[in-house]
Amino acid sequence: MHKSKLAGFIIDCETADLDAASAFWSKALGMQAAALPGAEGETYVRLLDPHDELHIEVQKVEHPS
């Protein structure tokens, strides 16, 4: 039998303040926020899963969340 597992997800946030949005989700999920390098860091912040099972990122978007 095939078993699927959630590997990760992206949280879209319609915001101009990615730091504030990632701080909110970091606290809400109990995960440390980690800046990404270069241009990627202008749009995404990674949330570090303490169990190292999920890949979660907060993404700054211009459309409604």
# chains A, B, ... in the order shown; residues from 1 in each chain; ligands from 1
$ residues_around --residues "region 37-41 of chain A" --least-positions-apart "2" --cutoff "12 Å" --atoms "only C-alpha atoms" --output "PyMOL selection string"
chain A and resi 18-19+22+33-35+43-46+57-60
$ write_last_selection --atoms "N, CA and C atoms" --output "compact mmCIF listing (two decimals), in the first residue's frame"
# COMPACT_ATOMS: atom_id res chain seq x y z
N LEU A 18 7.69 41.42 5.19
CA LEU A 18 7.94 39.98 5.30
C LEU A 18 8.45 39.60 6.69
N ASP A 19 9.25 40.46 7.31
CA ASP A 19 9.77 40.16 8.64
C ASP A 19 8.65 40.03 9.66
N SER A 22 6.62 36.79 8.89
CA SER A 22 7.33 35.58 9.29
C SER A 22 7.46 35.48 10.80
N ALA A 33 12.47 31.34 12.74
CA ALA A 33 12.55 31.88 11.38
C ALA A 33 14.01 31.96 10.96
N ALA A 34 14.28 31.64 9.70
CA ALA A 34 15.64 31.69 9.16
C ALA A 34 15.62 32.41 7.82
N ALA A 35 16.41 33.46 7.73
CA ALA A 35 16.49 34.22 6.48
C ALA A 35 17.13 33.37 5.39
N THR A 43 11.73 37.51 -0.74
CA THR A 43 10.37 37.01 -0.93
C THR A 43 10.00 35.89 0.03
N TYR A 44 10.99 35.16 0.54
CA TYR A 44 10.73 33.99 1.37
C TYR A 44 11.53 34.04 2.67
N VAL A 45 10.93 33.48 3.74
CA VAL A 45 11.62 33.20 5.00
C VAL A 45 11.29 31.76 5.35
N ARG A 46 12.30 31.00 5.70
CA ARG A 46 12.10 29.59 6.07
C ARG A 46 11.79 29.49 7.56
N GLU A 57 7.85 27.58 4.41
CA GLU A 57 8.33 28.92 4.10
C GLU A 57 7.15 29.90 4.11
N VAL A 58 7.43 31.12 4.57
CA VAL A 58 6.49 32.22 4.47
C VAL A 58 6.88 33.00 3.22
N GLN A 59 5.90 33.27 2.36
CA GLN A 59 6.15 33.95 1.08
C GLN A 59 5.40 35.26 1.04
N LYS A 60 6.12 36.34 0.68
CA LYS A 60 5.49 37.64 0.47
C LYS A 60 4.87 37.64 -0.93
$ residues_around --residues "Leu54 (chain A)" --least-positions-apart "6" --cutoff "12 Å" --atoms "only C-alpha atoms" --output "list of chain:residue names"
A:Lys5, A:Leu6, A:Ala7, A:Gly8, A:Phe9, A:Ile10, A:Leu29, A:Met31, A:Arg46, A:Leu47, A:Leu48
$ write_last_selection --atoms "N, CA and C atoms" --output "PDB file, in the first residue's frame"
ATOM      1  N   LYS A   5       2.910  11.404   2.557  1.00  0.00           N
ATOM      2  CA  LYS A   5       3.231  12.191   3.731  1.00  0.00           C
ATOM      3  C   LYS A   5       3.417  13.638   3.295  1.00  0.00           C
ATOM      4  N   LEU A   6       2.872  14.564   4.061  1.00  0.00           N
ATOM      5  CA  LEU A   6       3.066  15.977   3.796  1.00  0.00           C
ATOM      6  C   LEU A   6       4.535  16.311   4.026  1.00  0.00           C
ATOM      7  N   ALA A   7       5.178  16.893   3.015  1.00  0.00           N
ATOM      8  CA  ALA A   7       6.604  17.209   3.117  1.00  0.00           C
ATOM      9  C   ALA A   7       6.829  18.681   3.468  1.00  0.00           C
ATOM     10  N   GLY A   8       5.882  19.533   3.117  1.00  0.00           N
ATOM     11  CA  GLY A   8       6.041  20.938   3.420  1.00  0.00           C
ATOM     12  C   GLY A   8       4.976  21.780   2.765  1.00  0.00           C
ATOM     13  N   PHE A   9       5.017  23.072   3.055  1.00  0.00           N
ATOM     14  CA  PHE A   9       4.065  23.983   2.442  1.00  0.00           C
ATOM     15  C   PHE A   9       4.593  25.413   2.509  1.00  0.00           C
ATOM     16  N   ILE A  10       3.979  26.264   1.690  1.00  0.00           N
ATOM     17  CA  ILE A  10       4.302  27.685   1.626  1.00  0.00           C
ATOM     18  C   ILE A  10       3.103  28.461   2.150  1.00  0.00           C
ATOM     19  N   LEU A  29       3.481  28.931  15.001  1.00  0.00           N
ATOM     20  CA  LEU A  29       3.813  27.518  14.778  1.00  0.00           C
ATOM     21  C   LEU A  29       4.921  27.011  15.696  1.00  0.00           C
ATOM     22  N   MET A  31       8.142  27.773  15.593  1.00  0.00           N
ATOM     23  CA  MET A  31       9.318  27.454  14.782  1.00  0.00           C
ATOM     24  C   MET A  31      10.190  28.692  14.628  1.00  0.00           C
ATOM     25  N   ARG A  46      12.303  30.998   5.703  1.00  0.00           N
ATOM     26  CA  ARG A  46      12.096  29.593   6.072  1.00  0.00           C
ATOM     27  C   ARG A  46      11.790  29.494   7.556  1.00  0.00           C
ATOM     28  N   LEU A  47      10.847  28.621   7.904  1.00  0.00           N
ATOM     29  CA  LEU A  47      10.562  28.299   9.302  1.00  0.00           C
ATOM     30  C   LEU A  47      11.167  26.931   9.572  1.00  0.00           C
ATOM     31  N   LEU A  48      11.982  26.852  10.609  1.00  0.00           N
ATOM     32  CA  LEU A  48      12.721  25.625  10.898  1.00  0.00           C
ATOM     33  C   LEU A  48      11.910  24.697  11.797  1.00  0.00           C
TER      34      LEU A  48
END
$ select_by_dssp --residues "chain A" --states "strand (DSSP E)" --output "list in words"
Gly8, Phe9, Ile10, Ile11, Asp12, Cys13, Glu14, Gln32, Ala33, Ala34, Ala35, Tyr44, Val45, Arg46, Leu47, Leu48, His55, Ile56, Glu57, Val58, Gln59, Lys60 and Val61 of chain A
$ write_last_selection --atoms "N, CA and C atoms" --output "compact mmCIF listing (two decimals), in the first residue's frame"
# COMPACT_ATOMS: atom_id res chain seq x y z
N GLY A 8 5.88 19.53 3.12
CA GLY A 8 6.04 20.94 3.42
C GLY A 8 4.98 21.78 2.76
N PHE A 9 5.02 23.07 3.06
CA PHE A 9 4.07 23.98 2.44
C PHE A 9 4.59 25.41 2.51
N ILE A 10 3.98 26.26 1.69
CA ILE A 10 4.30 27.68 1.63
C ILE A 10 3.10 28.46 2.15
N ILE A 11 3.36 29.42 3.03
CA ILE A 11 2.30 30.27 3.57
C ILE A 11 2.36 31.60 2.82
N ASP A 12 1.37 31.89 1.99
CA ASP A 12 1.30 33.15 1.26
C ASP A 12 0.83 34.26 2.18
N CYS A 13 1.52 35.39 2.19
CA CYS A 13 1.14 36.55 2.98
C CYS A 13 1.15 37.78 2.10
N GLU A 14 -0.02 38.39 1.94
CA GLU A 14 -0.10 39.65 1.20
C GLU A 14 0.39 40.74 2.15
N GLN A 32 11.48 28.50 14.61
CA GLN A 32 12.43 29.59 14.42
C GLN A 32 12.43 30.03 12.96
N ALA A 33 12.47 31.34 12.74
CA ALA A 33 12.55 31.88 11.38
C ALA A 33 14.01 31.96 10.96
N ALA A 34 14.28 31.64 9.70
CA ALA A 34 15.64 31.69 9.16
C ALA A 34 15.62 32.41 7.82
N ALA A 35 16.41 33.46 7.73
CA ALA A 35 16.49 34.22 6.48
C ALA A 35 17.13 33.37 5.39
N TYR A 44 10.99 35.16 0.54
CA TYR A 44 10.73 33.99 1.37
C TYR A 44 11.53 34.04 2.67
N VAL A 45 10.93 33.48 3.74
CA VAL A 45 11.62 33.20 5.00
C VAL A 45 11.29 31.76 5.35
N ARG A 46 12.30 31.00 5.70
CA ARG A 46 12.10 29.59 6.07
C ARG A 46 11.79 29.49 7.56
N LEU A 47 10.85 28.62 7.90
CA LEU A 47 10.56 28.30 9.30
C LEU A 47 11.17 26.93 9.57
N LEU A 48 11.98 26.85 10.61
CA LEU A 48 12.72 25.62 10.90
C LEU A 48 11.91 24.70 11.80
N HIS A 55 9.18 21.14 5.48
CA HIS A 55 9.83 22.31 4.89
C HIS A 55 8.73 23.37 4.76
N ILE A 56 8.85 24.43 5.57
CA ILE A 56 7.82 25.47 5.59
C ILE A 56 8.48 26.81 5.30
N GLU A 57 7.85 27.58 4.41
CA GLU A 57 8.33 28.92 4.10
C GLU A 57 7.15 29.90 4.11
N VAL A 58 7.43 31.12 4.57
CA VAL A 58 6.49 32.22 4.47
C VAL A 58 6.88 33.00 3.22
N GLN A 59 5.90 33.27 2.36
CA GLN A 59 6.15 33.95 1.08
C GLN A 59 5.40 35.26 1.04
N LYS A 60 6.12 36.34 0.68
CA LYS A 60 5.49 37.64 0.47
C LYS A 60 4.87 37.64 -0.93
N VAL A 61 3.58 37.94 -1.01
CA VAL A 61 2.88 37.98 -2.29
C VAL A 61 2.13 39.30 -2.44
$ closest_residue --among "A:Leu36, A:Gly30, A:Ser65, A:Thr15" --to "Asp49 (chain A)" --atoms "only C-alpha atoms"
A:Gly30
